[in-house]
Structure formats: C-alpha cells, structure tokens
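Trainee: Below you'll find the structure I mean.
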Amino acid sequence: MRLASWNVNSIKVRLPQLLEWLAAARPDALCLQELKTEEPGYPRAALEAAGYVSVVNGQKTYNGVAILSRSPATDVVANIPGFADEQRRVIAATVSGIRVICVYCPNGQAVGSDKYAYKLRWFAALKEYLSAEIRNHDRLAVAGDFNVAPEDRDVHDPKAWEGQVHVSEPERAAWRALVALGLQDSFRLFEQPEKIFSWWDYRMLGFRRNAGLRIDHLLLSAALARDCTASTVDKAPRKLERPSDHAPVVVDLKTGIS
DNA sequence: ATGGCTACGATCCGTAGA
C-alpha cells in the first residue's frame with residue numbers, strides 16, 4: 001500500500017503533471033491540497049481514466065482538498081465536524097481499511113495576525129477531531145500540508161526563520177499536540193539525509209538553492225507506523241517547468257500482515 | 001535591500017500563499 005500527499009497549487013494547472021506522477025509513482029491513495037476549484041472544474045473524468053476515483057471538498061480560488069484512490073473510498077466526511085469554517089481544508093475517507101484524513105492547514109500569514117490566530121484555533125479543532133478519530137480507527141493516516149516545520153532540522157535556515165510563521169513555538173506546540181495523540185511523523189521513523197524539504201519558495205531560486213521547509217507530512221497511528229517501510233519526499237515534480245511549490249510526500253506500508 | 005514568484009479573478013492590479 002502506497003499512500004501519498006501533494007499540495008498541487010491548482011489542480012487545473014497541474015493536471016498534466018499529476019497524471020504523469022500517478023503513472024510513475026502509482027500510489028494506492030493520494031491526498032491533494034490547494035485544488036483552487038470546486039466541481040465541475042475538478043478533472044474527475046481524466047483522473048478516472050487514469051484509474052483513480054476521487055472524493056472532493058472543493059472551493060473556488062482558495063483551498064480545496066481531495067482524496068484519490070484506486071479502490072473506492074467510503075464513509076466520506078468533509079471538514080472538521082463541529083468546527084464552523086467557510087474554508088474547505090479537510091476531507092476524510094476510508095480506503096482499503098485505512099482511515100485517511102487529508103488536511104490543508106492554514107498558512108497563518110504572520111505571527112500575531114488574524115490569520116495566525118485562526119491557524120491556532122484551527123489546529124486546536126483538528127486535535128479534538130483527531131483525538132476522536134484515533135479512538136475509532138486503529139489504522140489512521142493524517143496526510144497533508146500542515147504549514148508547520150516541526151523542528152529546526154526541517155528548516156533550511158533556522159536563524160533566518162526563527163520565530164516566524166511556520167516555525168513559531170505555538171505552531172510547533174500545536175504540531176506536538178497532534179503527535180501526542182499517538183500519531184507518528186512517518187518521515188522520522190527512518191534515518192534520513194539532512195536538508196530534506198517539501199516546499200521551496202518560487203522566488204529567489206528557492207529550489208535551486210534548496211532553501212526550503214519540510215511542512216508536508218504523513219502522520220501514522222501506531223498500527224500503521226509498525227507497517228511503514230519507507231517515507232520519502234519526491235523532488236522530481238518540483239524540477240519540472242511550471243511546478244507546484246510543494247513536492248509529493250510518500251509512504252509505503254506493508255499489507256496483508258496485520 | 002523585507003524585494004524576489006505563481007495562481008486566481010478580477011482586469012491591466014489586489015489577494016494569498018509560505
């Protein structure tokens with residue numbers, strides 16, 4: 001079982017790259033963020049022709065999330081239940097016995113801003129949601145763009161970023177509160193090279209300089225973490241012309257054993 | 001030097017991302 005997540009920054013613009021990537025990486029399920037469209041702008045038919053069904057929580061211009069899968073997704077839940085929010089940032093579904101929650105966490109803009117306050121409120125609501133989900137689903141994966149770099153080693157230049165949005169202590173505390181529910185950062189289950197990131201600024205030759213952040217994550221419940229054999233970032237799509245600013249993150253899970 | 005790209009929906013710039 002291969003599970004992946006990718007902030008595509010407009011599914012309309014990125015569709016050709018997405019189809020190429022699906023054919024090359026062949027994930028069984030893929031969480032997408034920043035669709036920037038609602039249906040009918042969502043390319044459902046093209047993805048079905050490529051072998052993937054979709055459950056979609058779309059929004060015009062901003063946000064928008066989906067879960068693609070080879071096998072049908074069931075028990076679809078959009079948004080964070082009980083949390084009033086206009087922004088379409090969450091969709092959950094069960095795929096091949098795994099509860100998959102796709103998240104596009106708020107950016108936060110700047111520490112102290114209204115959007116930063118919203119980000120922290122949003123994370124508190126996510127924690128409550130996941131706390132219930134982990135009780136109900138032994139095999140739980142939470143995948144997406146968290147907009148938090150958990151540690152300094154997830155930041156290309158920790159000094160320059162110190163105290164900034166994405167690395168500030170309240171954001172990192174919100175991240176650790178998710179981990180404390182019993183979710184593991186799959187990337188850190190393995191020895192990893194240094195300076196692996198999942199996002200690079202479009203400006204200032206960010207990718208060429210590897211001036212990035214690791215803010216896209218795949219969190220796994222204990223049962224799934226035990227079955228996890230690899231967790232990687234696939235930088236290949238970021239090298240293409242007109243790329244998303246985020247790269248896909250991928251985990252492989254042993255199946256048929258548990 | 002606080003800029004710099006990219007996408008969107010509105011025009012020929014403003015908002016947002018991170």
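Note on naming: chains are A, B, ... as they come in the structure tokens, residues start from 1 per chain, ligands start from 1 in the order shown.
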Please identify every residue of chain B that has at least one atom no farther than 9 Å from an atom of chain A, counting only C-alpha atoms (C1' of nucleotides), and for each give the shortest atom pair and the distance in Å to one decimal, arranged by chain then increasing number, as a tab-separated table.
Mentor:
```
residue	atom	partner	partner_atom	distance
B:DG4	C1'	A:Arg203	CA	5.1
B:DC5	C1'	A:Arg203	CA	4.7
B:DT6	C1'	A:Tyr202	CA	7.3
B:DA7	C1'	A:Ser10	CA	7.1
B:DC8	C1'	A:Thr61	CA	5.7
B:DG9	C1'	A:Thr61	CA	7.9
B:DA16	C1'	A:Tyr62	CA	8.3
B:DG17	C1'	A:Asn107	CA	7.4
B:DA18	C1'	A:Asn107	CA	6.7
```
Trainee: Store the residues of this selection in a file with C-alpha atoms (C1' of nucleotides), as an mmCIF file, in the first residue's frame.
Mentor:
```
data_model
loop_
_atom_site.group_PDB
_atom_site.id
_atom_site.type_symbol
_atom_site.label_atom_id
_atom_site.label_comp_id
_atom_site.auth_asym_id
_atom_site.auth_seq_id
_atom_site.Cartn_x
_atom_site.Cartn_y
_atom_site.Cartn_z
ATOM 1 C "C1'" DG B 4 12.069 38.393 -5.350
ATOM 2 C "C1'" DC B 5 7.227 34.050 -7.992
ATOM 3 C "C1'" DT B 6 2.714 31.915 -9.106
ATOM 4 C "C1'" DA B 7 -2.448 31.376 -9.380
ATOM 5 C "C1'" DC B 8 -6.801 33.463 -9.405
ATOM 6 C "C1'" DG B 9 -10.422 36.533 -10.573
ATOM 7 C "C1'" DA B 16 -2.995 34.987 -0.981
ATOM 8 C "C1'" DG B 17 0.309 31.700 -0.487
ATOM 9 C "C1'" DA B 18 4.742 30.268 2.811
#
```
Trainee: For A:Asp145, please output as a short mmCIF file (atom, residue, chain, number, x, y, z; two decimals) with N, CA and C atoms, in the first residue's frame all residues within 9 Å (counting only C-alpha atoms (C1' of nucleotides); exclusion window: fewer than 5 positions along the same chain).
Mentor:
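Final file, part.cif:
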```cif
data_model
loop_
_atom_site.label_atom_id
_atom_site.label_comp_id
_atom_site.auth_asym_id
_atom_site.auth_seq_id
_atom_site.Cartn_x
_atom_site.Cartn_y
_atom_site.Cartn_z
N SER A 5 0.79 12.35 -0.41
CA SER A 5 0.13 13.64 -0.26
C SER A 5 0.86 14.66 -1.11
N TRP A 6 0.10 15.57 -1.74
CA TRP A 6 0.72 16.58 -2.60
C TRP A 6 -0.14 17.82 -2.62
N ASN A 7 0.45 18.95 -2.25
CA ASN A 7 -0.18 20.25 -2.45
C ASN A 7 0.14 20.66 -3.89
N LEU A 32 -4.73 15.36 -1.93
CA LEU A 32 -4.39 16.58 -2.66
C LEU A 32 -4.86 17.80 -1.88
N GLN A 33 -4.05 18.87 -1.94
CA GLN A 33 -4.43 20.14 -1.32
C GLN A 33 -4.28 21.28 -2.32
N CYS A 102 -7.26 13.92 4.96
CA CYS A 102 -6.46 14.84 4.14
C CYS A 102 -6.66 16.25 4.67
N VAL A 103 -5.55 16.92 5.00
CA VAL A 103 -5.66 18.25 5.62
C VAL A 103 -4.84 19.30 4.86
N TYR A 104 -5.42 20.47 4.74
CA TYR A 104 -4.69 21.64 4.29
C TYR A 104 -4.75 22.68 5.41
N CYS A 105 -3.76 22.66 6.26
CA CYS A 105 -3.76 23.51 7.44
C CYS A 105 -3.52 24.96 7.03
N PRO A 106 -4.06 25.92 7.78
CA PRO A 106 -3.91 27.33 7.41
C PRO A 106 -2.44 27.76 7.38
N ILE A 215 7.16 20.93 5.46
CA ILE A 215 5.87 21.29 6.05
C ILE A 215 4.74 20.36 5.60
N ASP A 216 5.05 19.44 4.68
CA ASP A 216 4.06 18.45 4.24
C ASP A 216 4.38 17.12 4.92
N HIS A 217 3.37 16.56 5.55
CA HIS A 217 3.64 15.43 6.45
C HIS A 217 2.62 14.31 6.29
N HIS A 246 5.19 22.86 -3.86
CA HIS A 246 5.34 21.71 -2.96
C HIS A 246 5.67 20.45 -3.74
#
```
Trainee: Could you pull out the helix (DSSP H, G or I) residues of stretch 4-245 of chain A, going by DSSP on the backbone, and write them as number ranges by chain?
Mentor: A: 11-25, 44-49, 114-136, 152-154, 158-161, 169-179, 186-189, 222-227, 236-239
Trainee: Just the residues within 9 Å of A:Arg226, please, counting only C-alpha atoms (C1' of nucleotides), with nothing from its chain fewer than 4 positions along; format it as a list of chain:residue names.
Mentor: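 Counting only C-alpha atoms (C1' of nucleotides), the residues come to A:Ser221, A:Ala222, A:Leu253, A:Lys254.
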Trainee: Got time to write the residues from that selection, C-alpha atoms, as a PDB file, in the first residue's frame?
Mentor:
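For reference, selection.pdb as written:
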```
ATOM      1  CA  SER A 221      -1.213   5.739  14.025  1.00  0.00           C
ATOM      2  CA  ALA A 222       0.876   3.163  15.907  1.00  0.00           C
ATOM      3  CA  LEU A 253       3.008   0.284   4.125  1.00  0.00           C
ATOM      4  CA  LYS A 254       3.260  -3.484   4.352  1.00  0.00           C
TER       5      LYS A 254
END
```
Trainee: When you count only C-alpha atoms, which of these residues is closest to A:Glu241: A:Gln17, A:Gln192, A:Ile11, A:Val100?
Mentor: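 Looking only at the distances to A:Glu241, the closest residue turns out to be A:Gln17.
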Trainee: Write out as an mmCIF file with N, CA and C atoms, in the first residue's frame each polymer residue whose atoms come within 12 Å of A:Gly82, counting only C-alpha atoms (C1' of nucleotides); drop sequence neighbours fewer than 6 positions from it.
Mentor:
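Result written to around.cif:
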```cif
data_model
loop_
_atom_site.group_PDB
_atom_site.id
_atom_site.type_symbol
_atom_site.label_atom_id
_atom_site.label_comp_id
_atom_site.auth_asym_id
_atom_site.auth_seq_id
_atom_site.Cartn_x
_atom_site.Cartn_y
_atom_site.Cartn_z
ATOM 1 N N TRP A 122 -7.696 26.683 14.510
ATOM 2 C CA TRP A 122 -7.945 25.575 13.583
ATOM 3 C C TRP A 122 -7.203 24.310 14.036
ATOM 4 N N ALA A 125 -8.969 22.703 16.908
ATOM 5 C CA ALA A 125 -10.137 21.935 16.454
ATOM 6 C C ALA A 125 -9.696 20.631 15.793
ATOM 7 N N LEU A 126 -8.622 20.681 15.009
ATOM 8 C CA LEU A 126 -8.112 19.458 14.376
ATOM 9 C C LEU A 126 -7.706 18.442 15.432
ATOM 10 N N GLU A 128 -8.872 18.027 18.442
ATOM 11 C CA GLU A 128 -10.073 17.408 19.030
ATOM 12 C C GLU A 128 -10.657 16.367 18.071
ATOM 13 N N TYR A 129 -10.702 16.710 16.813
ATOM 14 C CA TYR A 129 -11.218 15.789 15.796
ATOM 15 C C TYR A 129 -10.383 14.512 15.736
#
```
Trainee: Between atom CA of A:Gly64 and atom CA of A:Arg121, what distance in Å does the model show, to one decimal?
Mentor: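 Between atom CA of A:Gly64 and atom CA of A:Arg121 the gap is 19.1 Å.
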Trainee: DSSP on the backbone, then: every residue of stretch 73-247 of chain A marked strand (DSSP E), written as a PyMOL selection string.
Mentor: chain A and resi 74-78+90-95+98-104+140-145+183-185+199-200+212-213+216-221+228-233
Trainee: What does the file look like for those residues with N, CA and C atoms, as a compact mmCIF listing (two decimals), in the first residue's frame?
Mentor:
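Heads up, here's the output in out08.txt:
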```txt
# COMPACT_ATOMS: atom_id res chain seq x y z
N THR A 74 -14.87 5.06 1.10
CA THR A 74 -16.17 5.02 1.78
C THR A 74 -16.17 5.93 2.99
N ASP A 75 -17.34 6.13 3.55
CA ASP A 75 -17.51 6.90 4.80
C ASP A 75 -16.85 8.27 4.70
N VAL A 76 -17.23 9.00 3.69
CA VAL A 76 -16.61 10.30 3.42
C VAL A 76 -17.16 11.36 4.39
N VAL A 77 -16.24 12.10 4.99
CA VAL A 77 -16.62 13.21 5.88
C VAL A 77 -15.84 14.44 5.44
N ALA A 78 -16.55 15.53 5.16
CA ALA A 78 -15.90 16.77 4.75
C ALA A 78 -15.77 17.71 5.94
N VAL A 90 -10.42 20.13 4.72
CA VAL A 90 -10.32 18.77 5.24
C VAL A 90 -11.30 17.85 4.53
N ILE A 91 -10.84 16.65 4.21
CA ILE A 91 -11.76 15.58 3.79
C ILE A 91 -11.19 14.26 4.29
N ALA A 92 -12.08 13.40 4.76
CA ALA A 92 -11.69 12.09 5.30
C ALA A 92 -12.47 10.99 4.59
N ALA A 93 -11.82 9.84 4.44
CA ALA A 93 -12.50 8.68 3.85
C ALA A 93 -11.72 7.43 4.23
N THR A 94 -12.39 6.30 4.10
CA THR A 94 -11.74 5.02 4.38
C THR A 94 -11.37 4.37 3.05
N VAL A 95 -10.10 4.01 2.91
CA VAL A 95 -9.58 3.38 1.70
C VAL A 95 -8.81 2.12 2.11
N ILE A 98 -7.96 1.64 5.69
CA ILE A 98 -7.23 2.71 6.36
C ILE A 98 -8.09 3.97 6.38
N ARG A 99 -8.22 4.57 7.54
CA ARG A 99 -8.90 5.85 7.64
C ARG A 99 -7.91 6.94 7.24
N VAL A 100 -8.21 7.63 6.17
CA VAL A 100 -7.31 8.64 5.62
C VAL A 100 -7.94 10.01 5.82
N ILE A 101 -7.23 10.91 6.48
CA ILE A 101 -7.70 12.28 6.66
C ILE A 101 -6.72 13.20 5.94
N CYS A 102 -7.26 13.92 4.96
CA CYS A 102 -6.46 14.84 4.14
C CYS A 102 -6.66 16.25 4.67
N VAL A 103 -5.55 16.92 5.00
CA VAL A 103 -5.66 18.25 5.62
C VAL A 103 -4.84 19.30 4.86
N TYR A 104 -5.42 20.47 4.74
CA TYR A 104 -4.69 21.64 4.29
C TYR A 104 -4.75 22.68 5.41
N LEU A 140 -5.04 4.67 11.16
CA LEU A 140 -5.35 6.07 10.82
C LEU A 140 -4.13 6.76 10.22
N ALA A 141 -4.34 7.44 9.10
CA ALA A 141 -3.29 8.26 8.49
C ALA A 141 -3.82 9.68 8.31
N VAL A 142 -3.02 10.65 8.71
CA VAL A 142 -3.37 12.06 8.52
C VAL A 142 -2.30 12.66 7.62
N ALA A 143 -2.72 13.06 6.43
CA ALA A 143 -1.75 13.45 5.41
C ALA A 143 -2.09 14.82 4.86
N GLY A 144 -1.06 15.63 4.65
CA GLY A 144 -1.35 16.91 4.02
C GLY A 144 -0.27 17.95 4.21
N ASP A 145 -0.68 19.17 3.90
CA ASP A 145 0.16 20.35 4.07
C ASP A 145 -0.18 20.93 5.44
N LEU A 183 0.15 9.80 17.16
CA LEU A 183 0.44 9.82 15.72
C LEU A 183 1.94 10.05 15.53
N GLN A 184 2.52 9.32 14.60
CA GLN A 184 3.95 9.45 14.38
C GLN A 184 4.23 10.13 13.05
N ASP A 185 5.23 11.00 13.08
CA ASP A 185 5.72 11.61 11.84
C ASP A 185 6.47 10.53 11.07
N TRP A 199 8.73 21.93 0.54
CA TRP A 199 8.29 23.19 -0.08
C TRP A 199 9.49 24.11 -0.28
N TRP A 200 9.48 24.79 -1.42
CA TRP A 200 10.53 25.78 -1.73
C TRP A 200 9.86 26.99 -2.34
N GLY A 212 14.37 25.54 1.55
CA GLY A 212 13.01 25.02 1.72
C GLY A 212 12.63 24.78 3.16
N LEU A 213 11.42 24.27 3.31
CA LEU A 213 10.88 23.86 4.61
C LEU A 213 10.25 22.48 4.44
N ASP A 216 5.05 19.44 4.68
CA ASP A 216 4.06 18.45 4.24
C ASP A 216 4.38 17.12 4.92
N HIS A 217 3.37 16.56 5.55
CA HIS A 217 3.64 15.43 6.45
C HIS A 217 2.62 14.31 6.29
N LEU A 218 3.08 13.12 6.65
CA LEU A 218 2.20 11.94 6.74
C LEU A 218 2.31 11.41 8.15
N LEU A 219 1.25 11.62 8.93
CA LEU A 219 1.21 11.13 10.31
C LEU A 219 0.50 9.78 10.33
N LEU A 220 1.06 8.84 11.10
CA LEU A 220 0.51 7.48 11.13
C LEU A 220 0.22 7.05 12.55
N SER A 221 -0.92 6.37 12.74
CA SER A 221 -1.21 5.74 14.03
C SER A 221 -0.20 4.63 14.28
N CYS A 228 5.03 0.58 8.39
CA CYS A 228 5.61 1.53 7.44
C CYS A 228 7.04 1.12 7.09
N THR A 229 7.31 1.00 5.80
CA THR A 229 8.64 0.56 5.35
C THR A 229 9.46 1.68 4.73
N ALA A 230 8.82 2.80 4.40
CA ALA A 230 9.57 3.92 3.81
C ALA A 230 8.73 5.19 3.89
N SER A 231 9.42 6.33 4.02
CA SER A 231 8.76 7.64 3.99
C SER A 231 9.70 8.61 3.32
N THR A 232 9.28 9.14 2.18
CA THR A 232 10.19 9.95 1.36
C THR A 232 9.49 11.18 0.80
N VAL A 233 10.30 12.12 0.32
CA VAL A 233 9.82 13.26 -0.47
C VAL A 233 10.28 13.03 -1.90
```
Trainee: What's the separation between atom CA of A:Arg208 and atom C1' of B:DG3, in Å to one decimal place?
Mentor: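 Atom C1' of B:DG3 lies 18.5 Å from atom CA of A:Arg208.
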